[in-house]
>>> print(open('data27.txt').read())   # compact mmCIF, C-alpha atoms
# COMPACT_ATOMS: atom_id res chain seq x y z
CA MET N 1 -23.72 17.09 91.59
CA THR N 2 -23.11 16.32 95.21
CA TYR N 3 -26.08 15.70 97.40
CA ASP N 4 -25.03 18.68 99.52
CA THR N 5 -25.55 21.07 96.67
CA TYR N 6 -28.81 19.32 95.96
CA ILE N 7 -29.97 20.04 99.49
CA ALA N 8 -28.73 23.61 99.36
CA ASP N 9 -30.67 24.13 96.18
CA SER N 10 -33.69 22.13 97.09
CA GLU N 11 -35.38 25.21 98.51
CA LYS N 12 -35.43 26.68 95.06
CA THR N 13 -37.09 23.65 93.58
CA GLY N 14 -40.16 23.87 95.73
CA THR N 15 -41.80 26.01 93.12
CA GLN N 16 -40.94 25.39 89.50
CA ARG N 17 -38.73 28.10 88.17
CA VAL N 18 -38.67 29.52 84.70
CA VAL N 19 -35.55 28.54 82.80
CA ASP N 20 -33.73 31.71 81.88
CA PRO N 21 -30.95 31.74 79.27
CA GLU N 22 -28.68 33.75 81.54
CA THR N 23 -28.42 31.03 84.19
CA ILE N 24 -27.79 28.40 81.53
CA GLY N 25 -25.25 30.70 79.90
CA LYS N 26 -23.37 31.06 83.16
CA ILE N 27 -23.25 27.30 83.61
CA LEU N 28 -22.05 26.80 80.04
CA ASP N 29 -19.32 29.42 80.44
CA LYS N 30 -17.94 27.49 83.39
CA HIS N 31 -17.30 24.43 81.25
CA SER N 32 -15.23 23.80 78.20
CA ARG N 33 -16.89 23.10 74.90
CA ASP N 34 -15.55 19.62 74.44
CA GLN N 35 -17.67 16.53 74.43
CA GLY N 36 -16.72 15.34 77.90
CA ALA N 37 -18.05 18.45 79.58
CA LEU N 38 -21.64 17.65 78.74
CA ILE N 39 -22.29 15.49 81.80
CA ALA N 40 -20.82 18.17 84.05
CA ILE N 41 -23.07 20.76 82.42
CA LEU N 42 -26.13 18.59 82.95
CA GLU N 43 -25.13 18.01 86.57
CA ASP N 44 -24.90 21.74 87.16
CA ILE N 45 -28.27 22.35 85.55
CA GLN N 46 -29.80 19.65 87.70
CA ALA N 47 -28.21 21.19 90.80
CA GLU N 48 -29.73 24.52 89.80
CA TYR N 49 -33.26 23.38 89.03
CA GLY N 50 -33.51 20.02 90.77
CA TYR N 51 -34.17 18.36 87.44
CA LEU N 52 -33.41 18.87 83.76
CA PRO N 53 -36.01 21.15 82.21
CA GLU N 54 -36.70 20.55 78.53
CA GLU N 55 -36.09 24.20 77.77
CA ALA N 56 -32.65 24.04 79.39
CA LEU N 57 -31.63 21.01 77.31
CA ARG N 58 -32.66 22.80 74.15
CA MET N 59 -30.57 25.81 75.15
CA VAL N 60 -27.57 23.60 75.86
CA GLY N 61 -27.98 22.01 72.45
CA LYS N 62 -28.08 25.36 70.69
CA ARG N 63 -25.18 26.85 72.61
CA THR N 64 -22.84 23.86 72.41
CA GLY N 65 -23.76 22.91 68.89
CA ARG N 66 -24.58 19.36 69.87
CA SER N 67 -27.74 17.73 68.66
CA LEU N 68 -30.58 17.49 71.10
CA VAL N 69 -30.79 13.70 70.72
CA ASP N 70 -27.25 13.34 72.04
CA ILE N 71 -28.07 15.38 75.11
CA TYR N 72 -31.41 13.68 75.58
CA GLY N 73 -29.75 10.28 75.19
CA ILE N 74 -27.29 11.06 77.96
CA ALA N 75 -29.98 12.57 80.17
CA THR N 76 -32.10 9.44 79.88
CA PHE N 77 -29.15 7.04 80.14
CA TYR N 78 -28.09 8.01 83.65
CA HIS N 79 -30.48 7.45 86.52
CA ALA N 80 -28.90 10.39 88.35
CA PHE N 81 -30.55 12.71 85.85
CA SER N 82 -34.24 13.38 86.03
CA LEU N 83 -36.36 14.98 83.35
CA GLU N 84 -39.28 15.32 85.72
CA PRO N 85 -39.36 17.87 88.52
CA ARG N 86 -38.36 16.17 91.72
CA GLY N 87 -39.65 16.69 95.24
CA ARG N 88 -37.84 18.70 97.87
CA HIS N 89 -36.46 15.53 99.39
CA LEU N 90 -35.00 12.64 97.49
CA ILE N 91 -35.31 9.19 99.02
CA CYS N 92 -33.27 6.45 97.41
CA ALA N 93 -33.82 2.89 98.56
CA CYS N 94 -31.26 0.34 97.45
CA SER N 95 -32.68 -2.70 95.72
CA GLY N 96 -29.35 -4.28 94.82
CA THR N 97 -28.77 -7.98 95.31
CA ALA N 98 -27.38 -7.77 98.84
CA CYS N 99 -30.02 -5.32 100.03
CA HIS N 100 -32.67 -7.42 98.32
CA VAL N 101 -31.83 -10.57 100.25
CA ARG N 102 -31.59 -8.53 103.44
CA GLY N 103 -35.18 -7.40 103.06
CA ALA N 104 -35.15 -4.34 100.82
CA PRO N 105 -38.40 -5.24 99.01
CA LYS N 106 -40.35 -4.96 102.26
CA VAL N 107 -38.71 -1.63 103.08
CA ILE N 108 -39.49 -0.30 99.61
CA GLU N 109 -43.07 -1.50 99.94
CA GLU N 110 -43.38 0.28 103.28
CA PHE N 111 -42.05 3.53 101.83
CA GLU N 112 -44.49 3.28 98.96
CA ARG N 113 -47.35 2.59 101.36
CA GLN N 114 -46.53 5.45 103.71
CA LEU N 115 -45.89 7.98 100.94
CA GLY N 116 -48.78 6.75 98.85
CA ILE N 117 -46.66 6.67 95.70
CA LYS N 118 -44.78 4.10 93.66
CA ALA N 119 -41.01 4.07 93.26
CA GLY N 120 -39.94 6.72 90.77
CA GLN N 121 -42.81 9.04 91.63
CA THR N 122 -43.13 12.27 93.58
CA THR N 123 -45.74 12.94 96.23
CA PRO N 124 -48.48 15.32 95.08
CA ASP N 125 -47.37 17.98 97.57
CA GLY N 126 -43.90 17.97 96.01
CA GLU N 127 -42.26 17.05 99.27
CA PHE N 128 -40.76 13.62 98.55
CA THR N 129 -39.43 11.84 95.53
CA PHE N 130 -38.97 8.13 96.09
CA GLN N 131 -36.81 5.99 93.86
CA THR N 132 -34.97 2.72 93.95
CA VAL N 133 -31.32 2.43 92.99
CA ASN N 134 -29.46 -0.68 92.00
CA CYS N 135 -26.48 -0.56 94.32
CA LEU N 136 -24.97 2.01 96.61
CA GLY N 137 -21.79 0.07 97.22
CA ALA N 138 -22.33 -0.49 100.92
CA CYS N 139 -23.77 -3.97 100.68
CA ALA N 140 -22.70 -5.06 104.18
CA LEU N 141 -24.88 -2.33 105.68
CA GLY N 142 -28.01 -3.17 103.74
CA PRO N 143 -30.82 -2.54 103.32
CA ILE N 144 -29.68 1.00 102.71
CA VAL N 145 -31.82 4.08 102.31
CA VAL N 146 -30.42 7.48 101.38
CA VAL N 147 -32.38 10.60 102.18
CA ASP N 148 -30.92 13.78 100.71
CA GLY N 149 -27.42 12.37 100.94
CA HIS N 150 -27.71 10.84 104.39
CA TYR N 151 -27.28 7.11 104.61
CA PHE N 152 -29.44 4.95 106.81
CA SER N 153 -28.16 1.43 107.31
CA ASN N 154 -29.94 -1.79 108.26
CA VAL N 155 -33.29 -0.20 107.60
CA LYS N 156 -36.28 -2.19 108.74
CA THR N 157 -39.92 -1.47 108.01
CA ALA N 158 -40.37 -0.13 111.56
CA LYS N 159 -37.71 2.51 110.87
CA VAL N 160 -39.39 3.88 107.79
CA LYS N 161 -41.72 6.24 109.61
CA LYS N 162 -38.87 7.64 111.69
CA ILE N 163 -36.80 8.27 108.58
CA LEU N 164 -39.66 10.08 106.90
CA MET N 165 -40.34 12.18 109.99
CA SER N 166 -36.70 13.12 110.32
CA ALA N 167 -36.55 14.36 106.77
CA PRO N 168 -36.12 18.09 107.11
CA VAL N 169 -39.27 20.11 106.67
CA GLU N 170 -37.49 23.26 105.62
CA GLY N 171 -34.65 21.80 103.67
CA ASP N 172 -32.11 21.69 106.49
CA ARG N 173 -29.95 18.66 107.05
CA ILE N 174 -31.07 15.50 108.73
CA GLU N 175 -29.35 14.54 111.91
CA HIS N 176 -27.98 11.08 112.25
CA ALA N 177 -30.37 10.34 115.08
CA VAL N 178 -32.12 7.50 113.33
CA ALA N 179 -29.20 5.67 111.83
CA MET L 1 -0.08 -2.87 53.75
CA ILE L 2 -0.80 -5.36 56.49
CA SER L 3 -0.47 -9.07 55.99
CA LEU L 4 -2.73 -11.48 57.78
CA LYS L 5 -4.31 -14.87 57.35
CA ILE L 6 -7.95 -15.21 56.48
CA ASN L 7 -9.27 -18.77 56.45
CA GLY L 8 -5.71 -20.04 56.07
CA LEU L 9 -5.00 -17.83 53.09
CA GLN L 10 -2.11 -15.40 53.42
CA VAL L 11 -3.35 -12.01 52.26
CA SER L 12 -2.27 -8.42 52.53
CA VAL L 13 -4.76 -5.60 52.89
CA GLU L 14 -4.62 -1.89 53.35
CA ASP L 15 -3.84 -0.41 56.72
CA GLY L 16 -6.88 0.82 58.58
CA ALA L 17 -9.33 -1.59 56.99
CA THR L 18 -11.58 -3.70 59.17
CA ILE L 19 -11.67 -7.48 59.03
CA LEU L 20 -15.10 -7.27 57.43
CA GLU L 21 -13.91 -4.98 54.65
CA ALA L 22 -10.88 -7.16 54.00
CA ALA L 23 -12.91 -10.37 53.94
CA GLN L 24 -15.57 -8.93 51.67
CA PHE L 25 -12.92 -7.54 49.34
CA LEU L 26 -11.33 -10.97 49.10
CA GLY L 27 -14.67 -12.68 48.58
CA PHE L 28 -15.20 -14.36 51.92
CA PRO L 29 -18.86 -13.89 52.72
CA ILE L 30 -19.73 -12.54 56.17
CA PRO L 31 -23.38 -11.84 56.89
CA THR L 32 -24.16 -8.40 58.29
CA LEU L 33 -27.18 -6.63 59.60
CA CYS L 34 -26.33 -3.38 61.34
CA TYR L 35 -23.40 -2.71 59.01
CA MET L 36 -24.05 -0.46 56.07
CA ASP L 37 -21.82 1.11 53.46
CA GLY L 38 -21.51 4.81 54.10
CA LEU L 39 -22.30 4.57 57.78
CA SER L 40 -19.80 4.18 60.58
CA PRO L 41 -19.47 0.59 61.85
CA TYR L 42 -21.38 0.10 65.04
CA GLY L 43 -21.08 -3.54 66.11
CA ALA L 44 -24.60 -3.75 67.43
CA CYS L 45 -25.99 -6.91 65.87
CA ARG L 46 -22.88 -9.13 66.27
CA LEU L 47 -23.92 -11.05 63.19
CA CYS L 48 -20.55 -10.47 61.56
CA VAL L 49 -18.64 -12.42 64.24
CA VAL L 50 -15.39 -14.05 63.20
CA GLU L 51 -12.88 -16.04 65.17
CA ILE L 52 -9.41 -14.60 65.62
CA GLY L 53 -6.28 -15.95 67.27
CA GLU L 54 -5.11 -19.50 67.76
CA GLY L 55 -5.78 -22.30 70.22
CA PRO L 56 -7.04 -21.39 73.67
CA LYS L 57 -6.58 -17.69 72.93
CA ALA L 58 -8.98 -17.76 70.03
CA LYS L 59 -11.92 -15.45 70.50
CA LEU L 60 -14.97 -14.16 68.71
CA VAL L 61 -15.01 -10.52 67.65
CA SER L 62 -17.32 -8.46 65.49
CA SER L 63 -15.47 -8.10 62.22
CA CYS L 64 -17.11 -4.80 61.28
CA THR L 65 -15.41 -2.98 64.16
CA TYR L 66 -12.14 -4.90 64.35
CA PRO L 67 -9.24 -3.34 62.43
CA VAL L 68 -6.84 -5.70 60.70
CA GLU L 69 -3.62 -6.45 62.56
CA GLU L 70 -0.26 -7.71 61.36
CA GLY L 71 -0.08 -11.49 61.55
CA LEU L 72 -3.70 -11.87 62.59
CA SER L 73 -5.33 -15.21 61.93
CA VAL L 74 -9.01 -14.94 61.05
CA ARG L 75 -11.56 -17.67 60.49
CA THR L 76 -14.85 -16.52 59.03
CA GLY L 77 -16.58 -19.87 58.90
CA SER L 78 -15.33 -22.06 61.73
CA LEU L 79 -17.72 -24.26 63.66
CA ARG L 80 -17.64 -21.86 66.59
CA VAL L 81 -18.45 -18.89 64.36
CA LEU L 82 -21.30 -20.69 62.64
CA ARG L 83 -22.76 -21.74 65.95
CA ALA L 84 -22.56 -18.24 67.39
CA ARG L 85 -24.07 -16.78 64.26
CA LYS L 86 -26.96 -19.21 64.34
CA MET L 87 -27.63 -18.34 67.95
CA ILE L 88 -27.64 -14.62 67.16
CA ILE L 89 -30.12 -15.17 64.35
CA GLU L 90 -32.28 -17.27 66.64
CA LEU L 91 -32.28 -14.49 69.22
CA LEU L 92 -33.14 -11.94 66.55
CA LEU L 93 -35.99 -14.17 65.46
CA ALA L 94 -37.21 -14.29 69.02
CA SER L 95 -37.46 -10.53 69.25
CA CYS L 96 -38.51 -9.57 65.75
CA PRO L 97 -39.87 -12.51 63.72
CA GLN L 98 -41.88 -10.35 61.34
CA SER L 99 -38.81 -8.77 59.77
CA LYS L 100 -38.22 -9.95 56.24
CA THR L 101 -34.49 -9.29 56.59
CA ILE L 102 -34.21 -11.51 59.65
CA GLN L 103 -36.39 -14.20 58.09
CA ASP L 104 -34.11 -14.25 55.07
CA LEU L 105 -31.04 -14.52 57.28
CA ALA L 106 -32.60 -17.40 59.17
CA ALA L 107 -33.39 -19.20 55.95
CA ALA L 108 -29.92 -18.62 54.54
CA HIS L 109 -28.23 -19.96 57.66
CA GLY L 110 -30.48 -22.92 58.22
CA VAL L 111 -32.06 -21.71 61.42
CA ARG L 112 -35.22 -23.75 61.61
CA GLN L 113 -36.30 -23.28 65.19
CA GLN L 114 -36.63 -20.57 67.76
CA ARG L 115 -36.48 -21.78 71.33
CA PHE L 116 -36.92 -18.54 73.23
CA LYS L 117 -39.90 -16.60 74.46
CA GLN L 118 -41.49 -15.11 71.39
CA GLU L 119 -41.72 -11.34 71.26
CA TYR L 120 -42.83 -9.06 68.49
CA GLU L 121 -40.60 -6.02 68.80
CA ASP L 122 -40.55 -3.56 65.96
CA CYS L 123 -36.96 -2.57 66.66
CA ILE L 124 -33.76 -4.53 67.17
CA LEU L 125 -31.74 -1.44 68.16
CA CYS L 126 -29.26 -1.90 65.34
CA GLY L 127 -28.83 1.87 65.15
CA ARG L 128 -28.90 2.03 61.34
CA CYS L 129 -31.54 4.74 61.33
CA VAL L 130 -29.72 6.76 63.97
CA ARG L 131 -26.49 6.70 62.00
CA MET L 132 -28.31 7.35 58.72
CA CYS L 133 -29.98 10.41 60.22
CA GLU L 134 -26.77 11.74 61.69
CA GLN L 135 -24.13 10.81 59.16
CA GLN L 136 -25.87 10.85 55.79
CA MET L 137 -28.80 13.19 56.34
CA MET L 138 -26.82 15.47 58.67
CA ALA L 139 -29.91 15.89 60.80
CA GLY L 140 -29.53 14.10 64.12
CA ALA L 141 -33.27 14.02 64.65
CA ILE L 142 -33.50 10.56 66.21
CA GLY L 143 -31.27 8.77 68.64
CA PHE L 144 -31.05 6.21 71.41
CA ARG L 145 -32.85 6.93 74.64
CA GLY L 146 -32.74 5.23 78.00
CA ARG L 147 -30.67 2.16 78.67
CA GLY L 148 -30.86 -1.53 79.29
CA GLN L 149 -34.26 -3.00 78.58
CA ASN L 150 -35.71 0.50 78.39
CA ARG L 151 -33.46 1.48 75.51
CA SER L 152 -35.39 2.76 72.57
CA ILE L 153 -34.99 4.84 69.46
CA GLY L 154 -36.91 8.01 68.96
CA THR L 155 -36.93 11.75 69.07
CA PRO L 156 -36.14 13.82 72.17
CA PHE L 157 -39.21 14.25 74.38
CA ASP L 158 -41.26 12.20 71.91
CA VAL L 159 -42.15 15.19 69.79
CA ARG L 160 -41.09 15.68 66.23
CA SER L 161 -37.58 17.06 66.01
CA GLU L 162 -37.00 20.45 64.50
CA GLU L 163 -34.09 18.82 62.69
CA CYS L 164 -36.29 16.24 61.00
CA ARG L 165 -36.88 16.99 57.34
CA LEU L 166 -39.17 14.00 56.80
CA CYS L 167 -36.64 12.52 54.40
CA GLY L 168 -37.60 8.99 55.28
CA GLY L 169 -33.99 7.83 55.37
CA CYS L 170 -34.46 6.11 58.71
CA ILE L 171 -37.30 3.97 57.43
CA TYR L 172 -35.44 3.28 54.21
CA VAL L 173 -32.50 1.64 56.00
CA CYS L 174 -34.46 -0.09 58.76
CA PRO L 175 -34.01 -3.86 58.54
CA ALA L 176 -36.60 -4.74 61.11
CA CYS L 177 -39.53 -2.48 61.28
CA GLN L 178 -41.81 -0.30 59.34
CA LEU L 179 -43.44 1.10 62.42
CA ARG L 180 -40.82 3.27 64.03
CA CYS L 181 -42.99 6.35 63.99
CA THR L 182 -46.48 6.73 65.30
CA TYR L 183 -47.97 6.71 61.89
CA THR L 184 -51.54 7.16 63.03
CA GLU L 185 -50.71 10.64 64.26
CA PRO L 186 -49.16 12.63 61.40
CA ASP L 187 -47.90 15.36 63.72
CA LYS L 188 -45.76 12.89 65.62
CA ALA L 189 -44.59 10.86 62.65
CA VAL L 190 -40.84 10.85 62.28
CA CYS L 191 -41.00 10.36 58.56
CA GLY L 192 -43.31 9.27 55.86
CA GLY L 193 -42.39 5.66 55.18
CA CYS L 194 -44.82 4.12 57.57
CA ALA L 195 -47.67 6.14 56.21
CA ASN L 196 -47.72 3.60 53.44
CA LEU L 197 -48.59 0.64 55.57
CA PRO L 198 -52.09 -0.58 56.00
CA PRO L 199 -54.41 0.31 57.55
CA PRO L 200 -53.89 4.07 58.01
CA CYS L 201 -52.11 4.63 54.73
CA ALA L 202 -55.26 4.36 52.69
CA GLU L 203 -56.24 7.78 53.96
CA LYS L 204 -53.27 9.54 52.53
CA GLU L 205 -54.38 13.16 52.72
CA ALA L 206 -52.80 13.64 56.12
CA PHE L 207 -49.51 12.24 54.84
CA ASN L 208 -49.35 14.02 51.52
CA ASP L 209 -46.15 15.91 52.29
CA ARG L 210 -44.22 12.77 53.26
CA MET L 211 -41.87 10.96 50.98
CA CYS L 212 -42.62 7.39 50.01
CA TYR L 213 -40.01 4.67 49.64
CA MET L 214 -42.34 1.72 49.50
CA ASP L 215 -42.25 -0.28 46.34
CA PRO L 216 -44.90 -1.32 45.72
CA CYS L 217 -46.81 1.06 47.93
CA VAL L 218 -49.68 -0.69 49.60
CA ALA L 219 -51.82 2.42 49.80
CA CYS L 220 -51.37 3.19 46.13
CA GLU L 221 -52.26 -0.39 45.22
CA ILE L 222 -55.42 -0.16 47.30
CA GLU L 223 -56.32 3.14 45.66
CA LYS L 224 -55.72 1.69 42.20
CA GLN L 225 -57.99 -1.24 42.91
CA GLY L 226 -60.62 0.85 44.64
>>> encode(input="data27.txt", output="structure tokens")
Amino acid sequence: MTYDTYIADSEKTGTQRVVDPETIGKILDKHSRDQGALIAILEDIQAEYGYLPEEALRMVGKRTGRSLVDIYGIATFYHAFSLEPRGRHLICACSGTACHVRGAPKVIEEFERQLGIKAGQTTPDGEFTFQTVNCLGACALGPIVVVDGHYFSNVKTAKVKKILMSAPVEGDRIEHAVA
Amino acid sequence: MISLKINGLQVSVEDGATILEAAQFLGFPIPTLCYMDGLSPYGACRLCVVEIGEGPKAKLVSSCTYPVEEGLSVRTGSLRVLRARKMIIELLLASCPQSKTIQDLAAAHGVRQQRFKQEYEDCILCGRCVRMCEQQMMAGAIGFRGRGQNRSIGTPFDVRSEECRLCGGCIYVCPACQLRCTYTEPDKAVCGGCANLPPPCAEKEAFNDRMCYMDPCVACEIEKQG
């Protein structure tokens, strides 16, 4: 799933949707039945619903003939997959080694303080999901924060508020004004 | 047939065999933990390490997953192997000291100390139960979840799998724990084995439909005495 599709679909995730077999069927028809397609299927489901609903995983298991533990194992192995409904906006703060020594812990703390949630949680209004990631591969620009696919480099605690404010209210794209 | 050297002895074994199978067939003892006849080799516990190759190119590999190669030179009991094996046992002891299987291994290999932070895990993630469930019981009810230090074995979404037939195979093969399932809540229990452990096993009514592999069964003994 690209972050663009995530944003495009994030409007749908505001309210939790019922998982209907037809949507899942369409996704499954797009992919081949071999083992390697499973991750692609899960990515598409996550793009559709914003997370992986339990019902959807069960349907995938039944339709592909794979055991549910296999699918569940993969879904829990990759941090990119979420089994919990996520907020409309996804904030990823890098806590990799380089970002860490450049002050990521303070930035993460500030995000947690301003959102009133811990890393890995979603705000009660369903607006933001905040999580830490281990490395985004742009260590020279750290600390890095990604909001709905937009990268903010050299983030300092003073910038946190601006980043949160610039997060789109109606699911449109953030401008690069802050970065 | 493939010819190779095991502990200096020139032998020939069937194509496709693993080093472990060849060595065991020829009578060279290699301790194992996650390996089990009838299950696919997994290479999780590393206890079956052997040294292959010569000189600076010599390296340690898990013999249960390494297929025999033409001209391979294998040492099953070199100093390096013994040292590695002892370390693995020590690490296993650090995570799961209450396991009889691991205690026996430690005793057999002369491991008399454990220098790491003591933990009391009930699982060493050897994957025996997962493979048993999938390959012998054809169920696929339990599997690995998460990764890294969060890796665990269990059912999807922590509810009892529809595939689970309560055969108890997973508990039967488990070398480390008797507490895989949440035995105090019968609805969540993966199988019946753990229902036989004290203290909840004494009240067996809730577990009547589960199979028992315990010999002797603690609960039955208590009932007999009571």
>>> atom_distance(input="data27.txt", atom1="CA of Gln24 (chain L)", atom2="CA of Glu70 (chain L)")
18.2 Å
>>> interface_residues(input="data27.txt", of="chain L", to="chain N", cutoff="10 Å", atoms="only C-alpha atoms", output="MDAnalysis selection string")
chainID L and resid 130 134 139:148 150:157 161:163
>>> closest_residue(input="data27.txt", among="N:Gly116, N:Gly103, N:Gly36, N:Gly126", to="Leu141 (chain N)", atoms="all atoms listed in the file")
N:Gly103
>>> residues_near_point(input="data27.txt", point="(-10.8, -0.3, 63.0)", cutoff="8 Å", atoms="all atoms listed in the file", output="short mmCIF file (atom, residue, chain, number, x, y, z; two decimals) with C-alpha atoms, in the coordinates of the input")
data_model
loop_
_atom_site.label_atom_id
_atom_site.label_comp_id
_atom_site.auth_asym_id
_atom_site.auth_seq_id
_atom_site.Cartn_x
_atom_site.Cartn_y
_atom_site.Cartn_z
CA GLY L 16 -6.88 0.82 58.58
CA ALA L 17 -9.33 -1.59 56.99
CA THR L 18 -11.58 -3.70 59.17
CA CYS L 64 -17.11 -4.80 61.28
CA THR L 65 -15.41 -2.98 64.16
CA TYR L 66 -12.14 -4.90 64.35
CA PRO L 67 -9.24 -3.34 62.43
CA VAL L 68 -6.84 -5.70 60.70
#
>>> residues_around(input="data27.txt", residues="region 118-129 of chain L", least_positions_apart="2", cutoff="9 Å", atoms="all atoms listed in the file", output="number ranges by chain")
L: 33-36, 39, 42-45, 92-99, 114-116, 131-134, 142-144, 151-153, 169-180
>>> atom_distance(input="data27.txt", atom1="CA of Ile6 (chain L)", atom2="CA of Arg46 (chain L)")
18.9 Å
>>> residues_near_point(input="data27.txt", point="(-24.3, 2.6, 93.6)", cutoff="12 Å", atoms="all atoms listed in the file", output="PyMOL selection string")
chain N and resi 78-80+92-97+99+132-139+144-146
>>> closest_residue(input="data27.txt", among="N:Glu55, N:Pro105, N:Gln46, N:His89", to="Ser166 (chain N)", atoms="only C-alpha atoms")
N:His89
>>> closest_residue(input="data27.txt", among="N:Thr64, N:Ala158, N:Thr122, N:Phe152", to="Val107 (chain N)", atoms="only C-alpha atoms")
N:Ala158
>>> atom_distance(input="data27.txt", atom1="CA of Val101 (chain N)", atom2="CA of Met165 (chain N)")
26.2 Å
>>> axis_aligned_box(input="data27.txt", around="region 34-44 of chain L", padding_each_side="5 Å", output="AutoDock Vina command-line options")
--center_x -22.9 --center_y 0.5 --center_z 60.4 --size_x 16.9 --size_y 18.6 --size_z 24.0
>>> build_atoms(input="data27.txt", residues="region 136-147 of chain N", atoms="N, CA, C and O atoms", output="short mmCIF file (atom, residue, chain, number, x, y, z; two decimals), in the coordinates of the input")
data_model
loop_
_atom_site.label_atom_id
_atom_site.label_comp_id
_atom_site.auth_asym_id
_atom_site.auth_seq_id
_atom_site.Cartn_x
_atom_site.Cartn_y
_atom_site.Cartn_z
N LEU N 136 -25.63 0.83 96.08
CA LEU N 136 -24.97 2.01 96.61
C LEU N 136 -23.57 1.69 97.09
O LEU N 136 -22.87 2.53 97.65
N GLY N 137 -23.16 0.44 96.90
CA GLY N 137 -21.79 0.07 97.22
C GLY N 137 -21.51 -0.13 98.69
O GLY N 137 -20.36 -0.16 99.11
N ALA N 138 -22.54 -0.23 99.49
CA ALA N 138 -22.33 -0.49 100.92
C ALA N 138 -23.16 -1.71 101.31
O ALA N 138 -23.97 -1.67 102.23
N CYS N 139 -22.90 -2.80 100.60
CA CYS N 139 -23.77 -3.97 100.68
C CYS N 139 -23.84 -4.56 102.08
O CYS N 139 -24.85 -5.11 102.50
N ALA N 140 -22.73 -4.45 102.85
CA ALA N 140 -22.70 -5.06 104.18
C ALA N 140 -23.64 -4.34 105.13
O ALA N 140 -23.99 -4.87 106.19
N LEU N 141 -24.03 -3.12 104.78
CA LEU N 141 -24.88 -2.33 105.68
C LEU N 141 -26.35 -2.38 105.28
O LEU N 141 -27.18 -1.68 105.84
N GLY N 142 -26.68 -3.20 104.30
CA GLY N 142 -28.01 -3.17 103.74
C GLY N 142 -29.09 -3.67 104.68
O GLY N 142 -28.77 -4.33 105.66
N PRO N 143 -30.33 -3.41 104.40
CA PRO N 143 -30.82 -2.54 103.32
C PRO N 143 -30.50 -1.08 103.61
O PRO N 143 -30.61 -0.64 104.74
N ILE N 144 -30.10 -0.39 102.56
CA ILE N 144 -29.68 1.00 102.71
C ILE N 144 -30.72 1.94 102.13
O ILE N 144 -31.32 1.66 101.09
N VAL N 145 -30.95 3.02 102.83
CA VAL N 145 -31.82 4.08 102.31
C VAL N 145 -31.06 5.40 102.42
O VAL N 145 -30.42 5.66 103.44
N VAL N 146 -31.09 6.18 101.36
CA VAL N 146 -30.42 7.48 101.38
C VAL N 146 -31.47 8.58 101.28
O VAL N 146 -32.28 8.58 100.36
N VAL N 147 -31.47 9.46 102.24
CA VAL N 147 -32.38 10.60 102.18
C VAL N 147 -31.54 11.86 102.07
O VAL N 147 -30.79 12.19 102.98
#
